[in-house]
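Let me begin by presenting the structure, written as structure tokens, before commenting on it.
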Amino acid sequence: MRVLITGGAGFIGSHLAQALVEHGAEVHVLDDLSSGHLENLDGLDVQMHVGSVLDHDVLALVTRGVDYTLHHAARPALAESIHDPHRSFAVNVQGTLNVLEAARQARVKRVIYAASSSAYGEPKVIPTPEGVLLQPVTPYAAFKLQGELLCQSWYRTFGLETVCLRYFNIFGERQDPKNPYAAVIPLFVEAFRRGMAPMIFGDGLVSRDFTPVANVVAANLAALTAPGVAGKVYNIGTGTGTTLIGLVQVLNHIFGMAIEPVHAPARHGDVRASRADIRRATLNLGYIPAVDLAEGLRKMVAWEG
């Protein structure tokens with residue numbers, strides 16, 4: 001089995017590469033290294049291709065002979081999409097179209113697309129099922145949703161099998177706290193490592209479905225070959241919500257500390273609550289989140305990057 005991972009030198013992509021190599025796949029990685037790092041792939045038997053999903057020639061070359069494509073190349077930051085929407089659109093929308101076209105031309109069996117729970121906006125139903133009204137707030141959310149629609153269109157129009165996995169707040173080893181748009185968990189973990197108080201915007205009662213990256217890997221592996229899932233969208237989370245204050249409490253327990261967070265004014269546009277309804281993924285993909293928040297955090301804390 002030959003698999004192409006776009007964005008494969010990044011946080012999630014490198015975990016997918018490791019798992020697929022362990023399963024005996026021939027893994028090809030395409031990454032422009034704008035946010036990915038070659039050291040994420042150290043020791044892995046992969047074919048590395050430095051290039052962008054905006055480069056048609058490179059995409060055609062690396063997709064040739066591929067059985068499956070895992071499309072994780074993206075500009076993932078909400079704030080960046082506001083500051084530079086043209087760049088975010090180019091990679092997240094045009095790049096996805098390019099990946100789909102390259103896959104269609106190469107007769108790839110299936111494309112797995114890294115979608116985003118940000119497509120829900122401020123959901124009215126918690127936990128949130130896939131069929132609710134989608135109301136993306138930020139440009140990033142809108143662009144990732146456009147990627148989903150492209151995937152579904154390429155399946156319905158051209159017969160290219162696609163599966164969209166809507167990720168909920170993924171965290172884990174190799175997540176970079178130094179990135180200016182870093183997610184909350186790596187920032188909190190880094191603060192605890194330094195014995196410093198993490199910063200919470202608002203009252204700390206904002207809740208998220210924090211999902212260990214191991215669960216995402218399992219979902220992708222299942223989505224590669226599961227029958228009857230082409231053209232569908234699936235939530236990938238844990239089904240459990242945790243407030244930021246609750247997150248600090250878990251980290252205090254892991255580190256054996258008693259650090260109190262500091263609070264800053266709430267940020268405009270932050271969704272108040274987000275939690276996945278994963279019943280569809282469980283039914284159709286056999287997806288069961290085997291790693292919970294505490295175990296995922298312990299693995300992340302123990303990792304020496």
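Every chain in the structure tokens takes a letter, A first, then B, and so on in the order presented; its residues are numbered from 1, and the ligands are numbered from 1 following the presented order.
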
**OP:** Quick one: everything within 9 Å of Ala142 of chain A, counting only C-alpha atoms, minus sequence neighbours fewer than 6 positions away in the same chain. Send it as a list in words.
**Re:** Ser118, Ala119, Gln135 and Pro136 of chain A

Please dump the current selection as an mmCIF file, in the first residue's frame; keep C-alpha atoms.
data_model
loop_
_atom_site.group_PDB
_atom_site.id
_atom_site.type_symbol
_atom_site.label_atom_id
_atom_site.label_comp_id
_atom_site.auth_asym_id
_atom_site.auth_seq_id
_atom_site.Cartn_x
_atom_site.Cartn_y
_atom_site.Cartn_z
ATOM 1 C CA SER A 118 -14.660 25.132 13.529
ATOM 2 C CA ALA A 119 -17.193 24.713 10.705
ATOM 3 C CA GLN A 135 -22.112 28.514 10.718
ATOM 4 C CA PRO A 136 -18.365 29.118 10.402
#

**OP:** Select from segment 57-298 of chain A everything DSSP, run on the backbone, classes as strand (DSSP E or B), then give the selection as a ChimeraX atom specification.
**Re:** /A:68-71,110-116,128,161-167,170-171,199-201,207-208,211-212,232-236,242-243,262-264,273,276

Export of the given selection (C-alpha atoms) as a PDB file, in the first residue's frame:
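Just written: out09.pdb:
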ATOM      1  CA  TYR A  68      -4.486   6.619  -0.680  1.00  0.00           C
ATOM      2  CA  THR A  69      -3.971  10.317   0.073  1.00  0.00           C
ATOM      3  CA  LEU A  70      -4.233  11.784   3.574  1.00  0.00           C
ATOM      4  CA  HIS A  71      -4.636  15.525   3.032  1.00  0.00           C
ATOM      5  CA  ARG A 110      -9.562   7.329  -1.541  1.00  0.00           C
ATOM      6  CA  VAL A 111      -8.684  10.759  -0.130  1.00  0.00           C
ATOM      7  CA  ILE A 112      -9.006  11.428   3.607  1.00  0.00           C
ATOM      8  CA  TYR A 113      -9.471  15.142   4.322  1.00  0.00           C
ATOM      9  CA  ALA A 114      -8.574  16.797   7.618  1.00  0.00           C
ATOM     10  CA  ALA A 115     -11.703  18.877   8.214  1.00  0.00           C
ATOM     11  CA  SER A 116     -12.336  21.102  11.220  1.00  0.00           C
ATOM     12  CA  THR A 128     -22.777  18.410  18.184  1.00  0.00           C
ATOM     13  CA  GLU A 161     -13.828   8.472  -2.920  1.00  0.00           C
ATOM     14  CA  THR A 162     -13.359  11.037  -0.163  1.00  0.00           C
ATOM     15  CA  VAL A 163     -13.887  10.946   3.600  1.00  0.00           C
ATOM     16  CA  CYS A 164     -13.891  14.122   5.697  1.00  0.00           C
ATOM     17  CA  LEU A 165     -12.872  13.893   9.348  1.00  0.00           C
ATOM     18  CA  ARG A 166     -13.859  16.917  11.440  1.00  0.00           C
ATOM     19  CA  TYR A 167     -11.198  17.205  14.125  1.00  0.00           C
ATOM     20  CA  ILE A 170      -6.237  17.769  18.671  1.00  0.00           C
ATOM     21  CA  PHE A 171      -3.202  17.715  20.946  1.00  0.00           C
ATOM     22  CA  MET A 199      -2.953  32.403  30.845  1.00  0.00           C
ATOM     23  CA  ILE A 200      -6.680  31.940  30.404  1.00  0.00           C
ATOM     24  CA  PHE A 201      -8.686  34.366  28.299  1.00  0.00           C
ATOM     25  CA  SER A 207     -14.976  24.119  27.170  1.00  0.00           C
ATOM     26  CA  ARG A 208     -13.418  22.044  24.414  1.00  0.00           C
ATOM     27  CA  THR A 211      -8.640  14.963  21.625  1.00  0.00           C
ATOM     28  CA  PRO A 212      -5.334  13.063  21.897  1.00  0.00           C
ATOM     29  CA  LYS A 232     -19.364  11.263   4.206  1.00  0.00           C
ATOM     30  CA  VAL A 233     -18.276  13.530   7.081  1.00  0.00           C
ATOM     31  CA  TYR A 234     -17.379  12.285  10.563  1.00  0.00           C
ATOM     32  CA  ASN A 235     -16.656  14.012  13.861  1.00  0.00           C
ATOM     33  CA  ILE A 236     -13.407  12.913  15.471  1.00  0.00           C
ATOM     34  CA  THR A 242     -13.329  19.991  29.471  1.00  0.00           C
ATOM     35  CA  THR A 243     -13.161  23.601  30.632  1.00  0.00           C
ATOM     36  CA  VAL A 262      -3.894  34.105  35.390  1.00  0.00           C
ATOM     37  CA  HIS A 263      -6.864  35.573  33.558  1.00  0.00           C
ATOM     38  CA  ALA A 264      -6.924  38.020  30.664  1.00  0.00           C
ATOM     39  CA  ALA A 273     -18.507  25.283  24.134  1.00  0.00           C
ATOM     40  CA  ALA A 276     -18.300  16.145  19.412  1.00  0.00           C
TER      41      ALA A 276
END

**OP:** Tell me, as a list in words, which residues lie within 8 Å of Val50 of chain A, counting only C-alpha atoms; anything in the same chain fewer than 2 positions away does not count.
**Re:** Leu30, Asp31, Asp32, Leu33, Met48 and Ser52 of chain A

**OP:** Determine, counting only C-alpha atoms, which protein, DNA and RNA residues have an atom within 8 Å of an atom of Thr96 of chain A; residues of the same chain fewer than 6 positions away are not included. Present the result as a list in words.
**Re:** Val53, His71, Gly147 and Leu150 of chain A

Original post:
Where in segment 75-292 of chain A does DSSP assign helix (DSSP H, G or I), given as a ChimeraX atom specification?
Top reply: /A:78-83,85-105,117-120,139-158,184-193,213-225,244-255,279-285

Keeping only C-alpha atoms, write the selected residues as a PDB file, in the first residue's frame.
ATOM      1  CA  LEU A  78      -7.672  31.083  12.997  1.00  0.00           C
ATOM      2  CA  ALA A  79      -5.833  34.337  13.694  1.00  0.00           C
ATOM      3  CA  GLU A  80      -3.617  33.967  10.643  1.00  0.00           C
ATOM      4  CA  SER A  81      -6.681  33.544   8.422  1.00  0.00           C
ATOM      5  CA  ILE A  82      -7.900  36.917   9.672  1.00  0.00           C
ATOM      6  CA  HIS A  83      -4.547  38.666   9.210  1.00  0.00           C
ATOM      7  CA  PRO A  85      -6.971  35.604   4.369  1.00  0.00           C
ATOM      8  CA  HIS A  86      -5.568  35.365   0.837  1.00  0.00           C
ATOM      9  CA  ARG A  87      -2.755  33.029   1.915  1.00  0.00           C
ATOM     10  CA  SER A  88      -5.118  30.989   4.058  1.00  0.00           C
ATOM     11  CA  PHE A  89      -7.579  30.657   1.180  1.00  0.00           C
ATOM     12  CA  ALA A  90      -4.868  29.681  -1.286  1.00  0.00           C
ATOM     13  CA  VAL A  91      -3.547  26.778   0.779  1.00  0.00           C
ATOM     14  CA  ASN A  92      -6.772  25.605   2.409  1.00  0.00           C
ATOM     15  CA  VAL A  93      -9.088  25.876  -0.595  1.00  0.00           C
ATOM     16  CA  GLN A  94      -7.005  26.006  -3.781  1.00  0.00           C
ATOM     17  CA  GLY A  95      -4.559  23.522  -2.275  1.00  0.00           C
ATOM     18  CA  THR A  96      -7.382  21.087  -1.502  1.00  0.00           C
ATOM     19  CA  LEU A  97      -8.743  21.399  -5.031  1.00  0.00           C
ATOM     20  CA  ASN A  98      -5.250  20.676  -6.367  1.00  0.00           C
ATOM     21  CA  VAL A  99      -4.900  17.586  -4.167  1.00  0.00           C
ATOM     22  CA  LEU A 100      -8.275  16.263  -5.292  1.00  0.00           C
ATOM     23  CA  GLU A 101      -7.497  16.818  -8.960  1.00  0.00           C
ATOM     24  CA  ALA A 102      -4.100  15.153  -8.656  1.00  0.00           C
ATOM     25  CA  ALA A 103      -5.755  12.207  -6.903  1.00  0.00           C
ATOM     26  CA  ARG A 104      -8.429  11.943  -9.581  1.00  0.00           C
ATOM     27  CA  GLN A 105      -5.881  12.005 -12.386  1.00  0.00           C
ATOM     28  CA  SER A 117     -14.968  21.356  13.936  1.00  0.00           C
ATOM     29  CA  SER A 118     -14.660  25.132  13.529  1.00  0.00           C
ATOM     30  CA  ALA A 119     -17.193  24.713  10.705  1.00  0.00           C
ATOM     31  CA  TYR A 120     -19.903  24.521  13.383  1.00  0.00           C
ATOM     32  CA  PRO A 139     -12.171  32.785   7.458  1.00  0.00           C
ATOM     33  CA  TYR A 140     -10.226  29.649   8.436  1.00  0.00           C
ATOM     34  CA  ALA A 141     -13.449  27.849   9.369  1.00  0.00           C
ATOM     35  CA  ALA A 142     -15.095  28.923   6.113  1.00  0.00           C
ATOM     36  CA  PHE A 143     -12.108  27.780   4.062  1.00  0.00           C
ATOM     37  CA  LYS A 144     -11.949  24.375   5.758  1.00  0.00           C
ATOM     38  CA  LEU A 145     -15.662  23.929   5.135  1.00  0.00           C
ATOM     39  CA  GLN A 146     -15.116  24.782   1.471  1.00  0.00           C
ATOM     40  CA  GLY A 147     -12.563  21.973   1.416  1.00  0.00           C
ATOM     41  CA  GLU A 148     -15.231  19.570   2.662  1.00  0.00           C
ATOM     42  CA  LEU A 149     -17.631  20.673  -0.055  1.00  0.00           C
ATOM     43  CA  LEU A 150     -14.947  20.172  -2.680  1.00  0.00           C
ATOM     44  CA  CYS A 151     -14.323  16.643  -1.405  1.00  0.00           C
ATOM     45  CA  GLN A 152     -18.011  15.802  -1.575  1.00  0.00           C
ATOM     46  CA  SER A 153     -18.303  17.328  -5.029  1.00  0.00           C
ATOM     47  CA  TRP A 154     -15.341  15.375  -6.392  1.00  0.00           C
ATOM     48  CA  TYR A 155     -16.959  12.191  -5.099  1.00  0.00           C
ATOM     49  CA  ARG A 156     -20.392  12.939  -6.539  1.00  0.00           C
ATOM     50  CA  THR A 157     -19.157  14.327  -9.852  1.00  0.00           C
ATOM     51  CA  PHE A 158     -16.055  12.262 -10.579  1.00  0.00           C
ATOM     52  CA  VAL A 184      -3.867  26.118  24.167  1.00  0.00           C
ATOM     53  CA  ILE A 185      -2.592  22.741  25.413  1.00  0.00           C
ATOM     54  CA  PRO A 186       1.038  23.052  24.247  1.00  0.00           C
ATOM     55  CA  LEU A 187       1.095  26.580  25.692  1.00  0.00           C
ATOM     56  CA  PHE A 188      -0.241  25.335  29.019  1.00  0.00           C
ATOM     57  CA  VAL A 189       2.173  22.381  29.114  1.00  0.00           C
ATOM     58  CA  GLU A 190       5.096  24.684  28.365  1.00  0.00           C
ATOM     59  CA  ALA A 191       4.001  27.025  31.148  1.00  0.00           C
ATOM     60  CA  PHE A 192       3.847  24.153  33.633  1.00  0.00           C
ATOM     61  CA  ARG A 193       7.284  22.926  32.554  1.00  0.00           C
ATOM     62  CA  VAL A 213      -3.636  12.638  18.546  1.00  0.00           C
ATOM     63  CA  ALA A 214      -3.584   8.828  18.910  1.00  0.00           C
ATOM     64  CA  ASN A 215      -7.351   8.849  18.419  1.00  0.00           C
ATOM     65  CA  VAL A 216      -6.982  10.813  15.192  1.00  0.00           C
ATOM     66  CA  VAL A 217      -4.465   8.291  13.887  1.00  0.00           C
ATOM     67  CA  ALA A 218      -6.883   5.452  14.615  1.00  0.00           C
ATOM     68  CA  ALA A 219      -9.701   7.291  12.834  1.00  0.00           C
ATOM     69  CA  ASN A 220      -7.587   7.870   9.727  1.00  0.00           C
ATOM     70  CA  LEU A 221      -6.471   4.263   9.544  1.00  0.00           C
ATOM     71  CA  ALA A 222     -10.082   3.135   9.818  1.00  0.00           C
ATOM     72  CA  ALA A 223     -11.273   5.639   7.207  1.00  0.00           C
ATOM     73  CA  LEU A 224      -8.786   4.384   4.626  1.00  0.00           C
ATOM     74  CA  THR A 225     -10.651   1.159   3.951  1.00  0.00           C
ATOM     75  CA  LEU A 244      -9.881  25.487  30.636  1.00  0.00           C
ATOM     76  CA  ILE A 245      -9.996  25.570  34.412  1.00  0.00           C
ATOM     77  CA  GLY A 246     -10.508  21.805  34.381  1.00  0.00           C
ATOM     78  CA  LEU A 247      -7.517  21.460  32.050  1.00  0.00           C
ATOM     79  CA  VAL A 248      -5.347  23.359  34.538  1.00  0.00           C
ATOM     80  CA  GLN A 249      -6.527  21.038  37.308  1.00  0.00           C
ATOM     81  CA  VAL A 250      -5.547  17.929  35.329  1.00  0.00           C
ATOM     82  CA  LEU A 251      -2.111  19.390  34.563  1.00  0.00           C
ATOM     83  CA  ASN A 252      -1.601  20.288  38.222  1.00  0.00           C
ATOM     84  CA  HIS A 253      -2.271  16.659  39.089  1.00  0.00           C
ATOM     85  CA  ILE A 254       0.140  15.361  36.419  1.00  0.00           C
ATOM     86  CA  PHE A 255       2.933  17.764  37.363  1.00  0.00           C
ATOM     87  CA  ARG A 279     -21.891   8.189  17.308  1.00  0.00           C
ATOM     88  CA  ARG A 280     -21.728   8.253  13.510  1.00  0.00           C
ATOM     89  CA  ALA A 281     -17.967   7.655  13.501  1.00  0.00           C
ATOM     90  CA  THR A 282     -18.385   4.829  16.000  1.00  0.00           C
ATOM     91  CA  LEU A 283     -21.097   3.190  13.915  1.00  0.00           C
ATOM     92  CA  ASN A 284     -19.521   3.568  10.458  1.00  0.00           C
ATOM     93  CA  LEU A 285     -15.777   3.669  11.158  1.00  0.00           C
TER      94      LEU A 285
END

Subject >> Residue contacts of His15 of chain A (9 Å, only C-alpha atoms) excluding same-chain residues fewer than 4 positions away, as a VMD selection string >> reply: chain A and resid 8 to 11 19 to 20 40 to 41 173 to 174 213 to 214 217

Original post:
Hey, can you check how far atom CA of Lys124 of chain A sits from atom CA of Phe168 of chain A?
Top reply: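 Atom CA of Phe168 of chain A lies 16.3 Å from atom CA of Lys124 of chain A.
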
What's the 10 Å shell around Ile126 of chain A, counting only C-alpha atoms, without same-chain residues fewer than 5 positions away, as an mmCIF file with C-alpha atoms, in the first residue's frame?
data_model
loop_
_atom_site.group_PDB
_atom_site.id
_atom_site.type_symbol
_atom_site.label_atom_id
_atom_site.label_comp_id
_atom_site.auth_asym_id
_atom_site.auth_seq_id
_atom_site.Cartn_x
_atom_site.Cartn_y
_atom_site.Cartn_z
ATOM 1 C CA GLY A 239 -17.317 13.153 23.160
ATOM 2 C CA GLY A 241 -15.954 18.476 27.163
ATOM 3 C CA ALA A 273 -18.507 25.283 24.134
ATOM 4 C CA SER A 274 -17.464 22.584 21.691
ATOM 5 C CA ARG A 275 -17.992 18.833 22.060
ATOM 6 C CA ALA A 276 -18.300 16.145 19.412
ATOM 7 C CA ASP A 277 -21.138 13.723 18.944
#

Subject >> Neighbour list for Glu22 of chain A as a list of chain:residue names, cut-off 10 Å, only C-alpha atoms, skip fewer than 6 positions in-chain >> reply: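 In the requested form, the answer reads A:Leu16, A:Leu44, A:Asp45.
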
Give me a file of those residues, with C-alpha atoms, as a PDB file, in the first residue's frame.
ATOM      1  CA  LEU A  16       0.121   9.366  10.677  1.00  0.00           C
ATOM      2  CA  LEU A  44      11.020   6.899   9.821  1.00  0.00           C
ATOM      3  CA  ASP A  45      11.339   5.120   6.493  1.00  0.00           C
TER       4      ASP A  45
END

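The closest residue to Ala294 of chain A, picked from A:Gly231, A:Gly204, A:Gly172, A:Gly24 and counting only C-alpha atoms, is A:Gly172.
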
**OP:** Could you tell me which of A:Pro198, A:Gly7, A:Gly269, A:Gly121 comes closest to Ala73 of chain A if we count only C-alpha atoms?
**Re:**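 Of A:Pro198, A:Gly7, A:Gly269, A:Gly121, the one nearest Ala73 of chain A is A:Gly7, counting only C-alpha atoms.
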
Subject >> Nearest-residue call for Asp209 of chain A, choices A:Met196, A:Ala258, A:Thr138, A:Leu293, using only C-alpha atoms >> reply: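 For Asp209 of chain A, the nearest of the given residues is A:Leu293.
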